[in-house]
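Below: start-v2.cif (mmCIF, N, CA and C atoms)
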```cif
data_structure
loop_
_atom_site.group_PDB
_atom_site.id
_atom_site.type_symbol
_atom_site.label_atom_id
_atom_site.label_comp_id
_atom_site.auth_asym_id
_atom_site.auth_seq_id
_atom_site.Cartn_x
_atom_site.Cartn_y
_atom_site.Cartn_z
ATOM 1 N N MET A 25 30.803 -18.888 -65.402
ATOM 2 C CA MET A 25 29.712 -17.937 -65.219
ATOM 3 C C MET A 25 28.402 -18.644 -64.870
ATOM 4 N N PRO A 26 28.007 -19.743 -65.558
ATOM 5 C CA PRO A 26 26.773 -20.426 -65.190
ATOM 6 C C PRO A 26 26.801 -20.949 -63.756
ATOM 7 N N GLU A 27 27.996 -21.321 -63.280
ATOM 8 C CA GLU A 27 28.106 -21.782 -61.889
ATOM 9 C C GLU A 27 27.760 -20.658 -60.927
ATOM 10 N N ASP A 28 28.161 -19.421 -61.244
ATOM 11 C CA ASP A 28 27.846 -18.273 -60.407
ATOM 12 C C ASP A 28 26.339 -18.032 -60.349
ATOM 13 N N VAL A 29 25.687 -18.168 -61.503
ATOM 14 C CA VAL A 29 24.240 -17.983 -61.569
ATOM 15 C C VAL A 29 23.546 -19.062 -60.737
ATOM 16 N N ASP A 30 24.000 -20.290 -60.844
ATOM 17 C CA ASP A 30 23.433 -21.384 -60.058
ATOM 18 C C ASP A 30 23.635 -21.149 -58.565
ATOM 19 N N THR A 31 24.807 -20.674 -58.191
ATOM 20 C CA THR A 31 25.103 -20.408 -56.780
ATOM 21 C C THR A 31 24.208 -19.291 -56.248
ATOM 22 N N VAL A 32 24.057 -18.233 -57.005
ATOM 23 C CA VAL A 32 23.193 -17.115 -56.593
ATOM 24 C C VAL A 32 21.746 -17.585 -56.470
ATOM 25 N N ALA A 33 21.290 -18.373 -57.426
ATOM 26 C CA ALA A 33 19.921 -18.883 -57.381
ATOM 27 C C ALA A 33 19.722 -19.782 -56.164
ATOM 28 N N ARG A 34 20.706 -20.598 -55.864
ATOM 29 C CA ARG A 34 20.615 -21.490 -54.698
ATOM 30 C C ARG A 34 20.606 -20.699 -53.397
ATOM 31 N N ILE A 35 21.456 -19.693 -53.306
ATOM 32 C CA ILE A 35 21.487 -18.842 -52.105
ATOM 33 C C ILE A 35 20.152 -18.130 -51.935
ATOM 34 N N THR A 36 19.606 -17.613 -53.005
ATOM 35 C CA THR A 36 18.311 -16.931 -52.951
ATOM 36 C C THR A 36 17.210 -17.884 -52.496
ATOM 37 N N ALA A 37 17.216 -19.086 -53.031
ATOM 38 C CA ALA A 37 16.208 -20.081 -52.640
ATOM 39 C C ALA A 37 16.357 -20.449 -51.164
ATOM 40 N N LEU A 38 17.585 -20.597 -50.697
ATOM 41 C CA LEU A 38 17.811 -20.933 -49.283
ATOM 42 C C LEU A 38 17.398 -19.783 -48.365
ATOM 43 N N GLU A 39 17.670 -18.556 -48.761
ATOM 44 C CA GLU A 39 17.252 -17.400 -47.964
ATOM 45 C C GLU A 39 15.731 -17.327 -47.877
ATOM 46 N N THR A 40 15.049 -17.625 -48.970
ATOM 47 C CA THR A 40 13.586 -17.650 -48.972
ATOM 48 C C THR A 40 13.071 -18.735 -48.039
ATOM 49 N N GLU A 41 13.681 -19.908 -48.112
ATOM 50 C CA GLU A 41 13.270 -21.012 -47.244
ATOM 51 C C GLU A 41 13.495 -20.674 -45.777
ATOM 52 N N ILE A 42 14.600 -20.048 -45.450
ATOM 53 C CA ILE A 42 14.886 -19.650 -44.070
ATOM 54 C C ILE A 42 13.823 -18.667 -43.579
ATOM 55 N N ALA A 43 13.473 -17.701 -44.393
ATOM 56 C CA ALA A 43 12.451 -16.717 -44.012
ATOM 57 C C ALA A 43 11.107 -17.400 -43.766
ATOM 58 N N GLN A 44 10.760 -18.361 -44.610
ATOM 59 C CA GLN A 44 9.498 -19.090 -44.431
ATOM 60 C C GLN A 44 9.519 -19.921 -43.158
ATOM 61 N N LEU A 45 10.636 -20.551 -42.863
ATOM 62 C CA LEU A 45 10.747 -21.353 -41.641
ATOM 63 C C LEU A 45 10.672 -20.477 -40.400
ATOM 64 N N ARG A 46 11.299 -19.326 -40.440
ATOM 65 C CA ARG A 46 11.215 -18.393 -39.298
ATOM 66 C C ARG A 46 9.767 -17.969 -39.065
ATOM 67 N N HIS A 47 9.073 -17.678 -40.137
ATOM 68 C CA HIS A 47 7.664 -17.284 -40.018
ATOM 69 C C HIS A 47 6.840 -18.430 -39.439
ATOM 70 N N ALA A 48 7.095 -19.640 -39.888
ATOM 71 C CA ALA A 48 6.350 -20.808 -39.400
ATOM 72 C C ALA A 48 6.598 -21.033 -37.915
ATOM 73 N N VAL A 49 7.837 -20.880 -37.476
ATOM 74 C CA VAL A 49 8.158 -21.063 -36.052
ATOM 75 C C VAL A 49 7.443 -20.008 -35.210
ATOM 76 N N THR A 50 7.448 -18.777 -35.658
ATOM 77 C CA THR A 50 6.762 -17.705 -34.937
ATOM 78 C C THR A 50 5.259 -17.957 -34.891
ATOM 79 N N ALA A 51 4.677 -18.347 -36.019
ATOM 80 C CA ALA A 51 3.237 -18.626 -36.068
ATOM 81 C C ALA A 51 2.890 -19.791 -35.153
ATOM 82 N N ARG A 52 3.726 -20.819 -35.118
ATOM 83 C CA ARG A 52 3.463 -21.983 -34.266
ATOM 84 C C ARG A 52 3.494 -21.594 -32.791
ATOM 85 N N ALA A 53 4.442 -20.735 -32.415
ATOM 86 C CA ALA A 53 4.511 -20.288 -31.026
ATOM 87 C C ALA A 53 3.244 -19.513 -30.643
ATOM 88 N N THR A 54 2.757 -18.702 -31.552
ATOM 89 C CA THR A 54 1.532 -17.936 -31.293
ATOM 90 C C THR A 54 0.345 -18.874 -31.123
ATOM 91 N N VAL A 55 0.239 -19.877 -31.975
ATOM 92 C CA VAL A 55 -0.860 -20.847 -31.884
ATOM 93 C C VAL A 55 -0.758 -21.628 -30.574
ATOM 94 N N ASP A 56 0.444 -22.046 -30.198
ATOM 95 C CA ASP A 56 0.619 -22.779 -28.940
ATOM 96 C C ASP A 56 0.201 -21.927 -27.739
ATOM 97 N N GLN A 57 0.557 -20.659 -27.749
ATOM 98 C CA GLN A 57 0.170 -19.768 -26.654
ATOM 99 C C GLN A 57 -1.339 -19.564 -26.616
ATOM 100 N N ALA A 58 -1.950 -19.417 -27.787
ATOM 101 C CA ALA A 58 -3.405 -19.267 -27.846
ATOM 102 C C ALA A 58 -4.095 -20.530 -27.339
ATOM 103 N N MET A 59 -3.527 -21.689 -27.673
ATOM 104 C CA MET A 59 -4.086 -22.940 -27.152
ATOM 105 C C MET A 59 -4.026 -22.941 -25.629
ATOM 106 N N GLY A 60 -2.953 -22.429 -25.067
ATOM 107 C CA GLY A 60 -2.843 -22.333 -23.616
ATOM 108 C C GLY A 60 -3.927 -21.454 -23.019
ATOM 109 N N VAL A 61 -4.242 -20.367 -23.681
ATOM 110 C CA VAL A 61 -5.324 -19.487 -23.207
ATOM 111 C C VAL A 61 -6.654 -20.233 -23.252
ATOM 112 N N VAL A 62 -6.910 -20.943 -24.343
ATOM 113 C CA VAL A 62 -8.163 -21.695 -24.474
ATOM 114 C C VAL A 62 -8.233 -22.800 -23.413
ATOM 115 N N ILE A 63 -7.130 -23.471 -23.172
ATOM 116 C CA ILE A 63 -7.092 -24.518 -22.135
ATOM 117 C C ILE A 63 -7.427 -23.920 -20.777
ATOM 118 N N ALA A 64 -6.824 -22.789 -20.454
ATOM 119 C CA ALA A 64 -7.092 -22.143 -19.158
ATOM 120 C C ALA A 64 -8.530 -21.636 -19.080
ATOM 121 N N TYR A 65 -9.040 -21.106 -20.170
ATOM 122 C CA TYR A 65 -10.388 -20.555 -20.207
ATOM 123 C C TYR A 65 -11.457 -21.630 -20.099
ATOM 124 N N ALA A 66 -11.284 -22.697 -20.863
ATOM 125 C CA ALA A 66 -12.358 -23.686 -20.994
ATOM 126 C C ALA A 66 -12.088 -24.997 -20.272
ATOM 127 N N GLY A 67 -10.882 -25.191 -19.776
ATOM 128 C CA GLY A 67 -10.568 -26.442 -19.104
ATOM 129 C C GLY A 67 -10.610 -27.641 -20.024
ATOM 130 N N VAL A 68 -10.085 -27.481 -21.227
ATOM 131 C CA VAL A 68 -10.112 -28.546 -22.223
ATOM 132 C C VAL A 68 -8.703 -29.093 -22.443
ATOM 133 N N THR A 69 -8.621 -30.173 -23.179
ATOM 134 C CA THR A 69 -7.328 -30.766 -23.519
ATOM 135 C C THR A 69 -6.658 -29.950 -24.629
ATOM 136 N N PRO A 70 -5.353 -30.138 -24.829
ATOM 137 C CA PRO A 70 -4.697 -29.446 -25.938
ATOM 138 C C PRO A 70 -5.322 -29.783 -27.299
ATOM 139 N N GLU A 71 -5.711 -31.031 -27.483
ATOM 140 C CA GLU A 71 -6.329 -31.411 -28.763
ATOM 141 C C GLU A 71 -7.638 -30.658 -28.983
ATOM 142 N N THR A 72 -8.436 -30.552 -27.921
ATOM 143 C CA THR A 72 -9.706 -29.831 -28.028
ATOM 144 C C THR A 72 -9.461 -28.344 -28.222
ATOM 145 N N ALA A 73 -8.447 -27.800 -27.564
ATOM 146 C CA ALA A 73 -8.110 -26.378 -27.739
ATOM 147 C C ALA A 73 -7.761 -26.101 -29.201
ATOM 148 N N TRP A 74 -7.006 -27.009 -29.821
ATOM 149 C CA TRP A 74 -6.662 -26.865 -31.236
ATOM 150 C C TRP A 74 -7.937 -26.863 -32.086
ATOM 151 N N GLU A 75 -8.849 -27.795 -31.796
ATOM 152 C CA GLU A 75 -10.103 -27.881 -32.552
ATOM 153 C C GLU A 75 -10.926 -26.616 -32.371
ATOM 154 N N ILE A 76 -10.931 -26.067 -31.179
ATOM 155 C CA ILE A 76 -11.679 -24.832 -30.906
ATOM 156 C C ILE A 76 -11.083 -23.682 -31.713
ATOM 157 N N LEU A 77 -9.773 -23.549 -31.716
ATOM 158 C CA LEU A 77 -9.145 -22.493 -32.513
ATOM 159 C C LEU A 77 -9.488 -22.652 -33.996
ATOM 160 N N ARG A 78 -9.439 -23.874 -34.465
ATOM 161 C CA ARG A 78 -9.777 -24.148 -35.872
ATOM 162 C C ARG A 78 -11.237 -23.777 -36.150
ATOM 163 N N ASP A 79 -12.143 -24.152 -35.224
ATOM 164 C CA ASP A 79 -13.563 -23.818 -35.391
ATOM 165 C C ASP A 79 -13.772 -22.307 -35.442
ATOM 166 N N VAL A 80 -13.133 -21.589 -34.535
ATOM 167 C CA VAL A 80 -13.284 -20.127 -34.505
ATOM 168 C C VAL A 80 -12.774 -19.529 -35.811
ATOM 169 N N SER A 81 -11.648 -20.017 -36.286
ATOM 170 C CA SER A 81 -11.094 -19.540 -37.547
ATOM 171 C C SER A 81 -12.075 -19.759 -38.700
ATOM 172 N N GLN A 82 -12.634 -20.957 -38.767
ATOM 173 C CA GLN A 82 -13.562 -21.278 -39.853
ATOM 174 C C GLN A 82 -14.853 -20.477 -39.757
ATOM 175 N N HIS A 83 -15.391 -20.332 -38.537
ATOM 176 C CA HIS A 83 -16.675 -19.648 -38.386
ATOM 177 C C HIS A 83 -16.574 -18.137 -38.530
ATOM 178 N N THR A 84 -15.383 -17.587 -38.355
ATOM 179 C CA THR A 84 -15.208 -16.143 -38.542
ATOM 180 C C THR A 84 -14.553 -15.826 -39.879
ATOM 181 N N ASN A 85 -14.209 -16.888 -40.637
ATOM 182 C CA ASN A 85 -13.534 -16.718 -41.924
ATOM 183 C C ASN A 85 -12.276 -15.865 -41.769
ATOM 184 N N THR A 86 -11.502 -16.200 -40.736
ATOM 185 C CA THR A 86 -10.269 -15.485 -40.410
ATOM 186 C C THR A 86 -9.138 -16.503 -40.332
ATOM 187 N N LYS A 87 -7.975 -16.136 -40.805
ATOM 188 C CA LYS A 87 -6.837 -17.051 -40.752
ATOM 189 C C LYS A 87 -6.567 -17.471 -39.316
ATOM 190 N N LEU A 88 -6.202 -18.729 -39.162
ATOM 191 C CA LEU A 88 -5.971 -19.290 -37.837
ATOM 192 C C LEU A 88 -4.923 -18.498 -37.068
ATOM 193 N N ARG A 89 -3.854 -18.097 -37.721
ATOM 194 C CA ARG A 89 -2.808 -17.369 -36.996
ATOM 195 C C ARG A 89 -3.309 -16.013 -36.497
ATOM 196 N N GLU A 90 -4.256 -15.398 -37.217
ATOM 197 C CA GLU A 90 -4.833 -14.132 -36.756
ATOM 198 C C GLU A 90 -5.725 -14.363 -35.539
ATOM 199 N N ILE A 91 -6.526 -15.423 -35.577
ATOM 200 C CA ILE A 91 -7.356 -15.770 -34.417
ATOM 201 C C ILE A 91 -6.461 -16.072 -33.233
ATOM 202 N N ALA A 92 -5.406 -16.849 -33.466
ATOM 203 C CA ALA A 92 -4.482 -17.210 -32.389
ATOM 204 C C ALA A 92 -3.865 -15.956 -31.772
ATOM 205 N N GLU A 93 -3.483 -15.007 -32.584
ATOM 206 C CA GLU A 93 -2.886 -13.772 -32.059
ATOM 207 C C GLU A 93 -3.895 -12.997 -31.214
ATOM 208 N N GLN A 94 -5.143 -12.913 -31.663
ATOM 209 C CA GLN A 94 -6.162 -12.198 -30.887
ATOM 210 C C GLN A 94 -6.414 -12.895 -29.547
ATOM 211 N N ILE A 95 -6.517 -14.214 -29.577
ATOM 212 C CA ILE A 95 -6.782 -14.959 -28.348
ATOM 213 C C ILE A 95 -5.557 -14.935 -27.438
ATOM 214 N N ARG A 96 -4.364 -14.962 -28.014
ATOM 215 C CA ARG A 96 -3.137 -14.886 -27.221
ATOM 216 C C ARG A 96 -3.061 -13.565 -26.466
ATOM 217 N N GLN A 97 -3.500 -12.489 -27.082
ATOM 218 C CA GLN A 97 -3.440 -11.167 -26.455
ATOM 219 C C GLN A 97 -4.620 -10.897 -25.514
ATOM 220 N N TRP A 98 -5.669 -11.676 -25.625
ATOM 221 C CA TRP A 98 -6.893 -11.461 -24.859
ATOM 222 C C TRP A 98 -6.648 -11.296 -23.358
ATOM 223 N N PRO A 99 -5.878 -12.151 -22.686
ATOM 224 C CA PRO A 99 -5.688 -11.962 -21.241
ATOM 225 C C PRO A 99 -5.009 -10.635 -20.889
ATOM 226 N N HIS A 100 -4.192 -10.116 -21.792
ATOM 227 C CA HIS A 100 -3.472 -8.874 -21.516
ATOM 228 C C HIS A 100 -4.324 -7.645 -21.787
ATOM 229 N N CYS A 101 -5.061 -7.667 -22.874
ATOM 230 C CA CYS A 101 -5.857 -6.491 -23.235
ATOM 231 C C CYS A 101 -7.299 -6.596 -22.748
ATOM 232 N N GLU A 102 -7.682 -7.783 -22.286
ATOM 233 C CA GLU A 102 -9.033 -8.033 -21.762
ATOM 234 C C GLU A 102 -10.132 -7.677 -22.747
ATOM 235 N N TRP A 103 -9.862 -7.924 -24.036
ATOM 236 C CA TRP A 103 -10.856 -7.630 -25.069
ATOM 237 C C TRP A 103 -10.666 -8.576 -26.234
ATOM 238 N N LEU A 104 -11.783 -9.044 -26.772
ATOM 239 C CA LEU A 104 -11.812 -9.819 -28.011
ATOM 240 C C LEU A 104 -12.860 -9.198 -28.919
ATOM 241 N N PRO A 105 -12.619 -9.191 -30.219
ATOM 242 C CA PRO A 105 -13.674 -8.718 -31.126
ATOM 243 C C PRO A 105 -14.948 -9.536 -30.899
ATOM 244 N N ASP A 106 -16.107 -8.883 -30.988
ATOM 245 C CA ASP A 106 -17.381 -9.561 -30.727
ATOM 246 C C ASP A 106 -17.537 -10.847 -31.517
ATOM 247 N N GLU A 107 -17.210 -10.817 -32.799
ATOM 248 C CA GLU A 107 -17.376 -11.999 -33.645
ATOM 249 C C GLU A 107 -16.515 -13.158 -33.128
ATOM 250 N N VAL A 108 -15.298 -12.860 -32.724
ATOM 251 C CA VAL A 108 -14.390 -13.886 -32.221
ATOM 252 C C VAL A 108 -14.878 -14.390 -30.867
ATOM 253 N N ARG A 109 -15.304 -13.486 -30.007
ATOM 254 C CA ARG A 109 -15.803 -13.874 -28.677
ATOM 255 C C ARG A 109 -17.008 -14.791 -28.792
ATOM 256 N N HIS A 110 -17.928 -14.469 -29.672
ATOM 257 C CA HIS A 110 -19.115 -15.308 -29.863
ATOM 258 C C HIS A 110 -18.747 -16.665 -30.457
ATOM 259 N N ALA A 111 -17.871 -16.650 -31.452
ATOM 260 C CA ALA A 111 -17.449 -17.910 -32.074
ATOM 261 C C ALA A 111 -16.688 -18.773 -31.072
ATOM 262 N N LEU A 112 -15.878 -18.158 -30.224
ATOM 263 C CA LEU A 112 -15.144 -18.901 -29.202
ATOM 264 C C LEU A 112 -16.114 -19.546 -28.219
ATOM 265 N N GLY A 113 -17.081 -18.784 -27.748
ATOM 266 C CA GLY A 113 -18.071 -19.331 -26.820
ATOM 267 C C GLY A 113 -18.844 -20.489 -27.429
ATOM 268 N N ALA A 114 -19.248 -20.330 -28.681
ATOM 269 C CA ALA A 114 -19.999 -21.394 -29.357
ATOM 270 C C ALA A 114 -19.132 -22.631 -29.561
ATOM 271 N N ALA A 115 -17.873 -22.426 -29.928
ATOM 272 C CA ALA A 115 -16.977 -23.564 -30.149
ATOM 273 C C ALA A 115 -16.696 -24.301 -28.843
ATOM 274 N N VAL A 116 -16.519 -23.553 -27.760
ATOM 275 C CA VAL A 116 -16.288 -24.184 -26.454
ATOM 276 C C VAL A 116 -17.509 -25.003 -26.055
ATOM 277 N N LEU A 117 -18.695 -24.426 -26.215
ATOM 278 C CA LEU A 117 -19.919 -25.168 -25.871
ATOM 279 C C LEU A 117 -20.082 -26.412 -26.738
ATOM 280 N N ALA A 118 -19.833 -26.280 -28.018
ATOM 281 C CA ALA A 118 -19.977 -27.421 -28.936
ATOM 282 C C ALA A 118 -18.977 -28.521 -28.594
ATOM 283 N N ARG A 119 -17.747 -28.154 -28.347
ATOM 284 C CA ARG A 119 -16.722 -29.155 -28.026
ATOM 285 C C ARG A 119 -16.935 -29.740 -26.636
ATOM 286 N N SER A 120 -17.462 -28.959 -25.712
ATOM 287 C CA SER A 120 -17.743 -29.465 -24.365
ATOM 288 C C SER A 120 -18.852 -30.499 -24.403
ATOM 289 N N ALA A 121 -19.802 -30.300 -25.305
ATOM 290 C CA ALA A 121 -20.916 -31.241 -25.430
ATOM 291 C C ALA A 121 -20.451 -32.561 -26.032
ATOM 292 N N GLN A 122 -19.339 -32.545 -26.776
ATOM 293 C CA GLN A 122 -18.836 -33.752 -27.439
ATOM 294 C C GLN A 122 -17.907 -34.574 -26.556
ATOM 295 N N THR A 123 -17.384 -33.956 -25.491
ATOM 296 C CA THR A 123 -16.421 -34.646 -24.637
ATOM 297 C C THR A 123 -16.999 -34.828 -23.250
ATOM 298 N N PRO A 124 -16.483 -35.783 -22.483
ATOM 299 C CA PRO A 124 -16.966 -35.951 -21.121
ATOM 300 C C PRO A 124 -16.783 -34.670 -20.320
ATOM 301 N N ALA A 125 -17.701 -34.432 -19.421
ATOM 302 C CA ALA A 125 -17.674 -33.207 -18.617
ATOM 303 C C ALA A 125 -16.419 -33.155 -17.757
ATOM 304 N N THR A 126 -15.749 -32.010 -17.783
ATOM 305 C CA THR A 126 -14.575 -31.784 -16.946
ATOM 306 C C THR A 126 -14.840 -30.634 -15.998
ATOM 307 N N GLY A 127 -16.082 -30.259 -15.885
ATOM 308 C CA GLY A 127 -16.430 -29.105 -15.056
ATOM 309 C C GLY A 127 -17.125 -28.076 -15.935
ATOM 310 N N ALA A 128 -17.670 -27.084 -15.275
ATOM 311 C CA ALA A 128 -18.410 -26.048 -15.990
ATOM 312 C C ALA A 128 -17.462 -25.159 -16.774
ATOM 313 N N VAL A 129 -17.915 -24.670 -17.916
ATOM 314 C CA VAL A 129 -17.156 -23.708 -18.701
ATOM 315 C C VAL A 129 -17.275 -22.372 -17.994
ATOM 316 N N PRO A 130 -16.157 -21.707 -17.709
ATOM 317 C CA PRO A 130 -16.228 -20.413 -17.024
ATOM 318 C C PRO A 130 -17.038 -19.423 -17.829
ATOM 319 N N ASP A 131 -17.798 -18.588 -17.138
ATOM 320 C CA ASP A 131 -18.602 -17.554 -17.780
ATOM 321 C C ASP A 131 -17.745 -16.308 -17.900
ATOM 322 N N ARG A 132 -17.106 -16.132 -19.089
ATOM 323 C CA ARG A 132 -16.234 -14.964 -19.303
ATOM 324 C C ARG A 132 -16.593 -14.285 -20.567
#
```
Represent the supplied structure as structure tokens.
Amino acid sequence: MPEDVDTVARITALETEIAQLRHAVTARATVDQAMGVVIAYAGVTPETAWEILRDVSQHTNTKLREIAEQIRQWPHCEWLPDEVRHALGAAVLARSAQTPATGAVPDR
């Protein structure tokens, strides 16, 4: 009987871990896509795009995956919440000032 309890507990723990890993993979894909939007928008490197997403998340006090989802959808819906749009613009300008010029930041 104790072996059955151990087996059930192990199966439950593995199912929980699988669910967490699935969520992490989905969240990572969303962040990667949002980074692509930032790269296309601002002409920055992937590393800088990551920093910009992190900055926007911190300055809006919003979870990174939520910011990533909003930015990922931005090209399709052509809208960003004002707070996110302003934080994105400020982060792009701040990061552009820290790195060598790669061209003008698009006015969007």
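We find CA of Ser120 in chain A and CA of Arg78 in chain A to be spaced 15.0 Å apart.
Minimum atom-to-atom distance to Leu104 in chain A, evaluated using only C-alpha atoms, belongs to A:Glu90 out of A:Ile42, A:Glu75, A:Val116, A:Glu90.
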- Task: Within chain A, find each residue whose DSSP state, derived from the backbone, is helix (DSSP H, G or I), and express the selection as a ChimeraX atom specification.
- Result: /A:26-66,70-84,88-101,106-122
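When CA of Ala111 in chain A is paired with CA of His83 in chain A, their separation reads 6.6 Å.
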- Task: Between atom N of Trp98 in chain A and CA of Gln44 in chain A, measure the distance and give it in Å to one decimal.
- Result: 25.3 Å
Translate the PyMOL selection byres (((chain A and resi 58 and name CA) around 9) and name CA) into a concrete residue list for this structure, as a compact mmCIF listing (two decimals) with N, CA and C atoms, in the coordinates of the input.
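Once written, out_18.txt looks like this:
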```txt
# COMPACT_ATOMS: atom_id res chain seq x y z
N ALA A 53 4.44 -20.74 -32.42
CA ALA A 53 4.51 -20.29 -31.03
C ALA A 53 3.24 -19.51 -30.64
N THR A 54 2.76 -18.70 -31.55
CA THR A 54 1.53 -17.94 -31.29
C THR A 54 0.34 -18.87 -31.12
N VAL A 55 0.24 -19.88 -31.98
CA VAL A 55 -0.86 -20.85 -31.88
C VAL A 55 -0.76 -21.63 -30.57
N ASP A 56 0.44 -22.05 -30.20
CA ASP A 56 0.62 -22.78 -28.94
C ASP A 56 0.20 -21.93 -27.74
N GLN A 57 0.56 -20.66 -27.75
CA GLN A 57 0.17 -19.77 -26.65
C GLN A 57 -1.34 -19.56 -26.62
N MET A 59 -3.53 -21.69 -27.67
CA MET A 59 -4.09 -22.94 -27.15
C MET A 59 -4.03 -22.94 -25.63
N GLY A 60 -2.95 -22.43 -25.07
CA GLY A 60 -2.84 -22.33 -23.62
C GLY A 60 -3.93 -21.45 -23.02
N VAL A 61 -4.24 -20.37 -23.68
CA VAL A 61 -5.32 -19.49 -23.21
C VAL A 61 -6.65 -20.23 -23.25
N VAL A 62 -6.91 -20.94 -24.34
CA VAL A 62 -8.16 -21.70 -24.47
C VAL A 62 -8.23 -22.80 -23.41
N ILE A 63 -7.13 -23.47 -23.17
CA ILE A 63 -7.09 -24.52 -22.14
C ILE A 63 -7.43 -23.92 -20.78
N ALA A 73 -8.45 -27.80 -27.56
CA ALA A 73 -8.11 -26.38 -27.74
C ALA A 73 -7.76 -26.10 -29.20
N TRP A 74 -7.01 -27.01 -29.82
CA TRP A 74 -6.66 -26.86 -31.24
C TRP A 74 -7.94 -26.86 -32.09
N LEU A 77 -9.77 -23.55 -31.72
CA LEU A 77 -9.14 -22.49 -32.51
C LEU A 77 -9.49 -22.65 -34.00
N ILE A 91 -6.53 -15.42 -35.58
CA ILE A 91 -7.36 -15.77 -34.42
C ILE A 91 -6.46 -16.07 -33.23
N ALA A 92 -5.41 -16.85 -33.47
CA ALA A 92 -4.48 -17.21 -32.39
C ALA A 92 -3.86 -15.96 -31.77
N GLU A 93 -3.48 -15.01 -32.58
CA GLU A 93 -2.89 -13.77 -32.06
C GLU A 93 -3.90 -13.00 -31.21
N GLN A 94 -5.14 -12.91 -31.66
CA GLN A 94 -6.16 -12.20 -30.89
C GLN A 94 -6.41 -12.90 -29.55
N ILE A 95 -6.52 -14.21 -29.58
CA ILE A 95 -6.78 -14.96 -28.35
C ILE A 95 -5.56 -14.94 -27.44
N ARG A 96 -4.36 -14.96 -28.01
CA ARG A 96 -3.14 -14.89 -27.22
C ARG A 96 -3.06 -13.56 -26.47
N GLN A 97 -3.50 -12.49 -27.08
CA GLN A 97 -3.44 -11.17 -26.46
C GLN A 97 -4.62 -10.90 -25.51
```
So for range 111-116 of chain A, what box centre and size do we get, axis-aligned, 5 Å extra on each of the six sides, every listed atom, Å to one decimal, as lines of an AutoDock Vina configuration file?
```
center_x = -17.6
center_y = -20.8
center_z = -29.1
size_x = 14.9
size_y = 18.4
size_z = 16.0
```
- Task: Rank nothing, just name the residue among A:Glu39, A:Pro70, A:Asp30, A:Thr84 nearest to Glu107 in chain A, using all atoms listed in the file.
- Result: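 Looking only at the distances to Glu107 in chain A, the closest residue turns out to be A:Thr84.
Here the question is which of A:Cys101, A:Val49, A:Val108, A:Thr31 gets nearest to Asp79 in chain A using only C-alpha atoms, and that residue is A:Val108.
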